[in-house]
Every structure is written in C-alpha cells, then in structure tokens.
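Source file: structure26.cif; contents: mmCIF, N, CA, C and O atoms.
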data_input
loop_
_atom_site.group_PDB
_atom_site.id
_atom_site.type_symbol
_atom_site.label_atom_id
_atom_site.label_comp_id
_atom_site.auth_asym_id
_atom_site.auth_seq_id
_atom_site.Cartn_x
_atom_site.Cartn_y
_atom_site.Cartn_z
ATOM 1 N N MET W 1 102.347 67.313 116.152
ATOM 2 C CA MET W 1 103.557 66.565 116.005
ATOM 3 C C MET W 1 104.377 66.721 117.286
ATOM 4 O O MET W 1 104.514 67.826 117.797
ATOM 5 N N GLN W 2 104.895 65.615 117.819
ATOM 6 C CA GLN W 2 105.726 65.682 119.021
ATOM 7 C C GLN W 2 107.172 65.949 118.627
ATOM 8 O O GLN W 2 107.732 65.273 117.778
ATOM 9 N N ARG W 3 107.751 66.956 119.247
ATOM 10 C CA ARG W 3 109.154 67.302 119.013
ATOM 11 C C ARG W 3 109.950 66.975 120.268
ATOM 12 O O ARG W 3 109.481 67.175 121.387
ATOM 13 N N ASN W 4 111.161 66.472 120.088
ATOM 14 C CA ASN W 4 112.049 66.145 121.193
ATOM 15 C C ASN W 4 113.316 66.989 121.072
ATOM 16 O O ASN W 4 113.739 67.326 119.966
ATOM 17 N N GLY W 5 113.931 67.280 122.211
ATOM 18 C CA GLY W 5 115.158 68.061 122.181
ATOM 19 C C GLY W 5 115.914 67.956 123.495
ATOM 20 O O GLY W 5 115.543 67.185 124.387
ATOM 21 N N TRP W 6 116.958 68.734 123.591
ATOM 22 C CA TRP W 6 117.796 68.783 124.789
ATOM 23 C C TRP W 6 118.006 70.229 125.210
ATOM 24 O O TRP W 6 118.269 71.090 124.379
ATOM 25 N N ILE W 7 117.918 70.482 126.498
ATOM 26 C CA ILE W 7 118.380 71.741 127.082
ATOM 27 C C ILE W 7 119.804 71.455 127.535
ATOM 28 O O ILE W 7 120.051 70.465 128.223
ATOM 29 N N GLN W 8 120.752 72.277 127.128
ATOM 30 C CA GLN W 8 122.144 72.061 127.513
ATOM 31 C C GLN W 8 122.636 73.246 128.327
ATOM 32 O O GLN W 8 122.488 74.390 127.906
ATOM 33 N N GLY W 9 123.203 72.946 129.462
ATOM 34 C CA GLY W 9 123.817 73.978 130.294
ATOM 35 C C GLY W 9 125.283 73.656 130.480
ATOM 36 O O GLY W 9 125.632 72.565 130.929
ATOM 37 N N LYS W 10 126.161 74.565 130.082
ATOM 38 C CA LYS W 10 127.593 74.385 130.296
ATOM 39 C C LYS W 10 127.968 75.149 131.561
ATOM 40 O O LYS W 10 127.636 76.322 131.700
ATOM 41 N N THR W 11 128.630 74.466 132.470
ATOM 42 C CA THR W 11 129.062 75.109 133.701
ATOM 43 C C THR W 11 130.578 75.161 133.728
ATOM 44 O O THR W 11 131.255 74.162 133.487
ATOM 45 N N TRP W 12 131.094 76.347 134.010
ATOM 46 C CA TRP W 12 132.535 76.567 134.105
ATOM 47 C C TRP W 12 132.851 77.006 135.524
ATOM 48 O O TRP W 12 132.180 77.871 136.080
ATOM 49 N N SER W 13 133.878 76.421 136.094
ATOM 50 C CA SER W 13 134.335 76.846 137.414
ATOM 51 C C SER W 13 135.858 76.820 137.418
ATOM 52 O O SER W 13 136.470 76.100 136.616
ATOM 53 N N PRO W 14 136.486 77.596 138.297
ATOM 54 C CA PRO W 14 137.951 77.576 138.346
ATOM 55 C C PRO W 14 138.473 76.167 138.610
ATOM 56 O O PRO W 14 137.951 75.455 139.468
ATOM 57 N N ALA W 15 139.480 75.767 137.857
ATOM 58 C CA ALA W 15 140.014 74.403 137.957
ATOM 59 C C ALA W 15 140.551 74.104 139.349
ATOM 60 O O ALA W 15 140.477 72.965 139.805
ATOM 61 N N ASN W 16 141.047 75.102 140.041
ATOM 62 C CA ASN W 16 141.635 74.857 141.363
ATOM 63 C C ASN W 16 140.580 74.658 142.461
ATOM 64 O O ASN W 16 140.928 74.341 143.587
ATOM 65 N N GLU W 17 139.296 74.832 142.154
ATOM 66 C CA GLU W 17 138.232 74.594 143.135
ATOM 67 C C GLU W 17 137.819 73.129 143.177
ATOM 68 O O GLU W 17 137.054 72.721 144.041
ATOM 69 N N GLY W 18 138.293 72.340 142.223
ATOM 70 C CA GLY W 18 137.921 70.932 142.182
ATOM 71 C C GLY W 18 136.495 70.738 141.719
ATOM 72 O O GLY W 18 135.853 71.635 141.184
ATOM 73 N N ARG W 19 135.989 69.548 141.979
ATOM 74 C CA ARG W 19 134.652 69.196 141.497
ATOM 75 C C ARG W 19 133.532 69.809 142.322
ATOM 76 O O ARG W 19 132.399 69.873 141.856
ATOM 77 N N ALA W 20 133.809 70.241 143.533
ATOM 78 C CA ALA W 20 132.739 70.767 144.397
ATOM 79 C C ALA W 20 132.067 71.992 143.778
ATOM 80 O O ALA W 20 130.842 72.090 143.759
ATOM 81 N N GLY W 21 132.844 72.912 143.264
ATOM 82 C CA GLY W 21 132.275 74.106 142.639
ATOM 83 C C GLY W 21 131.481 73.779 141.401
ATOM 84 O O GLY W 21 130.393 74.295 141.170
ATOM 85 N N ALA W 22 132.031 72.888 140.584
ATOM 86 C CA ALA W 22 131.338 72.482 139.357
ATOM 87 C C ALA W 22 130.057 71.727 139.672
ATOM 88 O O ALA W 22 129.028 71.922 139.014
ATOM 89 N N ALA W 23 130.090 70.876 140.686
ATOM 90 C CA ALA W 23 128.896 70.112 141.069
ATOM 91 C C ALA W 23 127.783 71.031 141.545
ATOM 92 O O ALA W 23 126.613 70.808 141.240
ATOM 93 N N ALA W 24 128.135 72.071 142.283
ATOM 94 C CA ALA W 24 127.129 73.018 142.765
ATOM 95 C C ALA W 24 126.450 73.736 141.600
ATOM 96 O O ALA W 24 125.235 73.939 141.602
ATOM 97 N N LEU W 25 127.224 74.103 140.601
ATOM 98 C CA LEU W 25 126.649 74.767 139.425
ATOM 99 C C LEU W 25 125.756 73.810 138.630
ATOM 100 O O LEU W 25 124.677 74.197 138.181
ATOM 101 N N ALA W 26 126.200 72.579 138.462
ATOM 102 C CA ALA W 26 125.386 71.584 137.741
ATOM 103 C C ALA W 26 124.081 71.328 138.490
ATOM 104 O O ALA W 26 123.018 71.212 137.869
ATOM 105 N N ASP W 27 124.137 71.265 139.805
ATOM 106 C CA ASP W 27 122.916 71.086 140.604
ATOM 107 C C ASP W 27 121.955 72.248 140.399
ATOM 108 O O ASP W 27 120.741 72.057 140.327
ATOM 109 N N ALA W 28 122.485 73.462 140.308
ATOM 110 C CA ALA W 28 121.631 74.638 140.100
ATOM 111 C C ALA W 28 120.923 74.558 138.752
ATOM 112 O O ALA W 28 119.730 74.873 138.649
ATOM 113 N N VAL W 29 121.625 74.131 137.707
ATOM 114 C CA VAL W 29 121.005 73.985 136.382
ATOM 115 C C VAL W 29 119.879 72.950 136.445
ATOM 116 O O VAL W 29 118.784 73.176 135.932
ATOM 117 N N ARG W 30 120.139 71.826 137.110
ATOM 118 C CA ARG W 30 119.104 70.792 137.220
ATOM 119 C C ARG W 30 117.901 71.280 138.022
ATOM 120 O O ARG W 30 116.759 70.977 137.679
ATOM 121 N N ARG W 31 118.124 72.053 139.076
ATOM 122 C CA ARG W 31 116.989 72.566 139.880
ATOM 123 C C ARG W 31 116.078 73.461 139.043
ATOM 124 O O ARG W 31 114.870 73.492 139.242
ATOM 125 N N VAL W 32 116.634 74.188 138.103
ATOM 126 C CA VAL W 32 115.831 75.097 137.277
ATOM 127 C C VAL W 32 115.051 74.341 136.199
ATOM 128 O O VAL W 32 113.877 74.613 135.971
ATOM 129 N N PHE W 33 115.686 73.366 135.536
ATOM 130 C CA PHE W 33 115.096 72.774 134.332
ATOM 131 C C PHE W 33 114.601 71.344 134.456
ATOM 132 O O PHE W 33 113.839 70.887 133.608
ATOM 133 N N GLU W 34 115.016 70.600 135.456
ATOM 134 C CA GLU W 34 114.728 69.170 135.499
ATOM 135 C C GLU W 34 113.334 68.879 136.054
ATOM 136 O O GLU W 34 112.933 69.437 137.070
ATOM 137 N N LEU W 35 112.601 67.986 135.363
ATOM 138 C CA LEU W 35 111.302 67.488 135.812
ATOM 139 C C LEU W 35 110.273 68.598 136.062
ATOM 140 O O LEU W 35 109.537 68.575 137.041
ATOM 141 N N VAL W 36 110.235 69.571 135.152
ATOM 142 C CA VAL W 36 109.254 70.658 135.250
ATOM 143 C C VAL W 36 108.538 70.808 133.910
ATOM 144 O O VAL W 36 109.020 70.353 132.881
ATOM 145 N N ASP W 37 107.388 71.439 133.953
ATOM 146 C CA ASP W 37 106.694 71.838 132.736
ATOM 147 C C ASP W 37 106.953 73.318 132.526
ATOM 148 O O ASP W 37 106.606 74.143 133.373
ATOM 149 N N LEU W 38 107.578 73.644 131.409
ATOM 150 C CA LEU W 38 107.874 75.037 131.078
ATOM 151 C C LEU W 38 106.766 75.569 130.183
ATOM 152 O O LEU W 38 106.258 74.847 129.318
ATOM 153 N N PRO W 39 106.370 76.820 130.356
ATOM 154 C CA PRO W 39 105.298 77.359 129.531
ATOM 155 C C PRO W 39 105.669 77.354 128.047
ATOM 156 O O PRO W 39 106.816 77.582 127.687
ATOM 157 N N SER W 40 104.686 77.087 127.227
ATOM 158 C CA SER W 40 104.893 77.122 125.785
ATOM 159 C C SER W 40 105.132 78.562 125.339
ATOM 160 O O SER W 40 104.503 79.486 125.856
ATOM 161 N N PRO W 41 106.013 78.762 124.358
ATOM 162 C CA PRO W 41 106.166 80.116 123.813
ATOM 163 C C PRO W 41 104.960 80.553 122.994
ATOM 164 O O PRO W 41 104.791 81.724 122.710
ATOM 165 N N VAL W 42 104.097 79.593 122.638
ATOM 166 C CA VAL W 42 102.881 79.895 121.887
ATOM 167 C C VAL W 42 101.700 79.817 122.850
ATOM 168 O O VAL W 42 101.397 78.745 123.383
ATOM 169 N N PRO W 43 101.029 80.938 123.127
ATOM 170 C CA PRO W 43 99.915 80.911 124.077
ATOM 171 C C PRO W 43 98.870 79.870 123.703
ATOM 172 O O PRO W 43 98.498 79.735 122.539
ATOM 173 N N GLY W 44 98.454 79.088 124.706
ATOM 174 C CA GLY W 44 97.429 78.086 124.495
ATOM 175 C C GLY W 44 97.963 76.712 124.116
ATOM 176 O O GLY W 44 97.233 75.733 124.175
ATOM 177 N N ASP W 45 99.223 76.621 123.706
ATOM 178 C CA ASP W 45 99.801 75.315 123.367
ATOM 179 C C ASP W 45 100.228 74.587 124.635
ATOM 180 O O ASP W 45 100.379 75.178 125.693
ATOM 181 N N GLU W 46 100.454 73.265 124.498
ATOM 182 C CA GLU W 46 100.883 72.453 125.635
ATOM 183 C C GLU W 46 102.261 72.897 126.117
ATOM 184 O O GLU W 46 103.053 73.436 125.341
ATOM 185 N N PRO W 47 102.571 72.637 127.397
ATOM 186 C CA PRO W 47 103.871 73.040 127.925
ATOM 187 C C PRO W 47 105.009 72.180 127.377
ATOM 188 O O PRO W 47 104.794 71.108 126.820
ATOM 189 N N VAL W 48 106.222 72.675 127.556
ATOM 190 C CA VAL W 48 107.429 71.913 127.273
ATOM 191 C C VAL W 48 107.699 71.064 128.511
ATOM 192 O O VAL W 48 107.810 71.584 129.614
ATOM 193 N N THR W 49 107.759 69.755 128.359
ATOM 194 C CA THR W 49 107.920 68.828 129.475
ATOM 195 C C THR W 49 109.362 68.335 129.520
ATOM 196 O O THR W 49 109.876 67.835 128.522
ATOM 197 N N THR W 50 110.009 68.463 130.684
ATOM 198 C CA THR W 50 111.403 68.041 130.817
ATOM 199 C C THR W 50 111.511 66.779 131.658
ATOM 200 O O THR W 50 110.612 66.435 132.418
ATOM 201 N N PHE W 51 112.629 66.100 131.510
ATOM 202 C CA PHE W 51 112.888 64.843 132.205
ATOM 203 C C PHE W 51 114.172 64.952 133.018
ATOM 204 O O PHE W 51 114.783 66.011 133.079
ATOM 205 N N ALA W 52 114.592 63.835 133.613
ATOM 206 C CA ALA W 52 115.821 63.811 134.407
ATOM 207 C C ALA W 52 117.029 64.061 133.511
ATOM 208 O O ALA W 52 117.117 63.542 132.397
ATOM 209 N N GLY W 53 117.955 64.849 134.019
ATOM 210 C CA GLY W 53 119.123 65.229 133.251
ATOM 211 C C GLY W 53 120.324 64.332 133.484
ATOM 212 O O GLY W 53 120.333 63.468 134.363
ATOM 213 N N VAL W 54 121.331 64.558 132.665
ATOM 214 C CA VAL W 54 122.593 63.836 132.729
ATOM 215 C C VAL W 54 123.711 64.864 132.799
ATOM 216 O O VAL W 54 123.714 65.830 132.044
ATOM 217 N N THR W 55 124.659 64.658 133.709
ATOM 218 C CA THR W 55 125.811 65.545 133.808
ATOM 219 C C THR W 55 127.026 64.823 133.248
ATOM 220 O O THR W 55 127.317 63.694 133.617
ATOM 221 N N GLN W 56 127.708 65.492 132.339
ATOM 222 C CA GLN W 56 128.903 64.925 131.727
ATOM 223 C C GLN W 56 130.097 65.795 132.069
ATOM 224 O O GLN W 56 130.077 67.009 131.853
ATOM 225 N N THR W 57 131.131 65.197 132.615
ATOM 226 C CA THR W 57 132.351 65.933 132.919
ATOM 227 C C THR W 57 133.194 66.008 131.660
ATOM 228 O O THR W 57 133.534 64.987 131.064
ATOM 229 N N ILE W 58 133.514 67.226 131.241
ATOM 230 C CA ILE W 58 134.346 67.427 130.071
ATOM 231 C C ILE W 58 135.814 67.479 130.490
ATOM 232 O O ILE W 58 136.671 66.949 129.830
ATOM 233 N N GLY W 59 136.086 68.138 131.616
ATOM 234 C CA GLY W 59 137.453 68.209 132.127
ATOM 235 C C GLY W 59 137.941 69.633 132.256
ATOM 236 O O GLY W 59 137.157 70.572 132.300
ATOM 237 N N THR W 60 139.233 69.783 132.277
ATOM 238 C CA THR W 60 139.828 71.093 132.507
ATOM 239 C C THR W 60 140.838 71.433 131.420
ATOM 240 O O THR W 60 141.431 70.546 130.804
ATOM 241 N N ASP W 61 140.995 72.711 131.185
ATOM 242 C CA ASP W 61 142.032 73.178 130.271
ATOM 243 C C ASP W 61 143.220 73.729 131.066
ATOM 244 O O ASP W 61 144.077 74.408 130.528
ATOM 245 N N GLY W 62 143.231 73.421 132.360
ATOM 246 C CA GLY W 62 144.276 73.919 133.237
ATOM 247 C C GLY W 62 143.828 75.123 134.040
ATOM 248 O O GLY W 62 144.312 75.379 135.137
ATOM 249 N N ARG W 63 142.900 75.874 133.502
ATOM 250 C CA ARG W 63 142.404 77.066 134.176
ATOM 251 C C ARG W 63 140.934 76.935 134.587
ATOM 252 O O ARG W 63 140.531 77.396 135.631
ATOM 253 N N TRP W 64 140.135 76.317 133.722
ATOM 254 C CA TRP W 64 138.699 76.176 133.949
ATOM 255 C C TRP W 64 138.304 74.714 133.907
ATOM 256 O O TRP W 64 138.847 73.936 133.141
ATOM 257 N N TYR W 65 137.298 74.372 134.713
ATOM 258 C CA TYR W 65 136.742 73.020 134.769
ATOM 259 C C TYR W 65 135.350 73.088 134.141
ATOM 260 O O TYR W 65 134.523 73.908 134.539
ATOM 261 N N LEU W 66 135.090 72.242 133.147
ATOM 262 C CA LEU W 66 133.835 72.291 132.390
ATOM 263 C C LEU W 66 133.015 71.038 132.619
ATOM 264 O O LEU W 66 133.530 69.925 132.556
ATOM 265 N N GLN W 67 131.725 71.241 132.884
ATOM 266 C CA GLN W 67 130.740 70.164 132.908
ATOM 267 C C GLN W 67 129.595 70.563 131.994
ATOM 268 O O GLN W 67 129.299 71.741 131.832
ATOM 269 N N LEU W 68 128.956 69.557 131.425
ATOM 270 C CA LEU W 68 127.811 69.771 130.556
ATOM 271 C C LEU W 68 126.612 69.076 131.178
ATOM 272 O O LEU W 68 126.670 67.893 131.497
ATOM 273 N N VAL W 69 125.533 69.829 131.380
ATOM 274 C CA VAL W 69 124.288 69.261 131.903
ATOM 275 C C VAL W 69 123.306 69.217 130.738
ATOM 276 O O VAL W 69 123.020 70.239 130.122
ATOM 277 N N ARG W 70 122.808 68.013 130.438
ATOM 278 C CA ARG W 70 121.860 67.837 129.338
ATOM 279 C C ARG W 70 120.546 67.317 129.899
ATOM 280 O O ARG W 70 120.506 66.309 130.592
ATOM 281 N N ILE W 71 119.469 68.037 129.587
ATOM 282 C CA ILE W 71 118.143 67.688 130.095
ATOM 283 C C ILE W 71 117.211 67.494 128.895
ATOM 284 O O ILE W 71 116.973 68.433 128.128
ATOM 285 N N PRO W 72 116.688 66.272 128.704
ATOM 286 C CA PRO W 72 115.802 66.041 127.570
ATOM 287 C C PRO W 72 114.426 66.676 127.790
ATOM 288 O O PRO W 72 113.982 66.838 128.919
ATOM 289 N N PHE W 73 113.793 67.057 126.689
ATOM 290 C CA PHE W 73 112.436 67.608 126.770
ATOM 291 C C PHE W 73 111.653 67.196 125.540
ATOM 292 O O PHE W 73 112.203 66.723 124.547
ATOM 293 N N TRP W 74 110.332 67.390 125.634
ATOM 294 C CA TRP W 74 109.463 67.213 124.463
ATOM 295 C C TRP W 74 108.349 68.256 124.540
ATOM 296 O O TRP W 74 108.037 68.804 125.577
ATOM 297 N N TYR W 75 107.795 68.538 123.370
ATOM 298 C CA TYR W 75 106.633 69.420 123.286
ATOM 299 C C TYR W 75 105.837 69.049 122.036
ATOM 300 O O TYR W 75 106.333 68.343 121.163
ATOM 301 N N VAL W 76 104.628 69.501 121.979
ATOM 302 C CA VAL W 76 103.766 69.232 120.837
ATOM 303 C C VAL W 76 103.691 70.504 119.998
ATOM 304 O O VAL W 76 103.414 71.593 120.504
ATOM 305 N N GLU W 77 103.963 70.336 118.721
ATOM 306 C CA GLU W 77 103.891 71.460 117.775
ATOM 307 C C GLU W 77 102.710 71.235 116.853
ATOM 308 O O GLU W 77 102.562 70.160 116.259
ATOM 309 N N THR W 78 101.861 72.225 116.758
ATOM 310 C CA THR W 78 100.718 72.153 115.841
ATOM 311 C C THR W 78 101.177 72.664 114.494
ATOM 312 O O THR W 78 101.645 73.790 114.376
ATOM 313 N N VAL W 79 101.060 71.803 113.494
ATOM 314 C CA VAL W 79 101.519 72.199 112.152
ATOM 315 C C VAL W 79 100.370 72.393 111.214
ATOM 316 O O VAL W 79 99.290 71.970 111.405
#
Translate this structure into structure tokens?
Amino acid sequence: MQRNGWIQGKTWSPANEGRAGAAALADAVRRVFELVDLPSPVPGDEPVTTFAGVTQTIGTDGRWYLQLVRIPFWYVETV
C-alpha cells in the first residue's frame, strides 16, 4: 500500500533579523529533506521518497519570525 505524508520543519529566527535569517534556515531544511530517498525504518523495505518542498511564511509575534517548510513524501507499506 502506498502511503503519502508531509515532513514539516518549523524555523524560528529573531524578528529583528528580517527574512534573511529565516530564509537561510528554510534552505537548510530543504537541503536535508528535499528530493532525496530516505532509508526505510524497516530493513529491506523501499525507501521514503521526497519531493520539492513549499515554504510558508507564518509571520512574527514581535519577537520571533516563523516559517513552515513542508516537504511531501511517499513510501510503500507492506500490510
């Protein structure tokens, strides 16, 4: 059975740094998880396959600036 899901990374940076700090953190999350095959937690099963991610700006609470990076994935589960 094919299962689909999302990897979500929340990035927080000081609000006074502007978008540059938040963008750097979002880029780091994408470099780790985007467009890669991650090993299955079950030995011998197919890998978890990821796709291109989406970054969503949530905004600031006055002190912290929040972005959400969402990366879709799928894997095959043997039932």
Close residues, stretch 71-76 of chain W itself excluded, 8 Å, all atoms listed in the file, min 2 positions apart in chain, as an MDAnalysis selection string: chainID W and resid 1:9 30 33:38 40 42 45:55 68:69 78:79
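Separating atom O of W:Asp27 from atom N of W:Glu77 is a distance of 27.4 Å.
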Contacts of stretch 13-23 of chain W at 7 Å or less, counting only N, CA, C and O atoms, minus same-chain residues fewer than 3 places along, as a PyMOL selection string? chain W and resi 26-29+60+62-67
What's the separation between atom CA of W:Thr11 and atom CA of W:Leu25, in Å to one decimal place? 6.2 Å
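From atom O of W:Trp12 back to atom O of W:Ile58, the distance works out to 13.4 Å.
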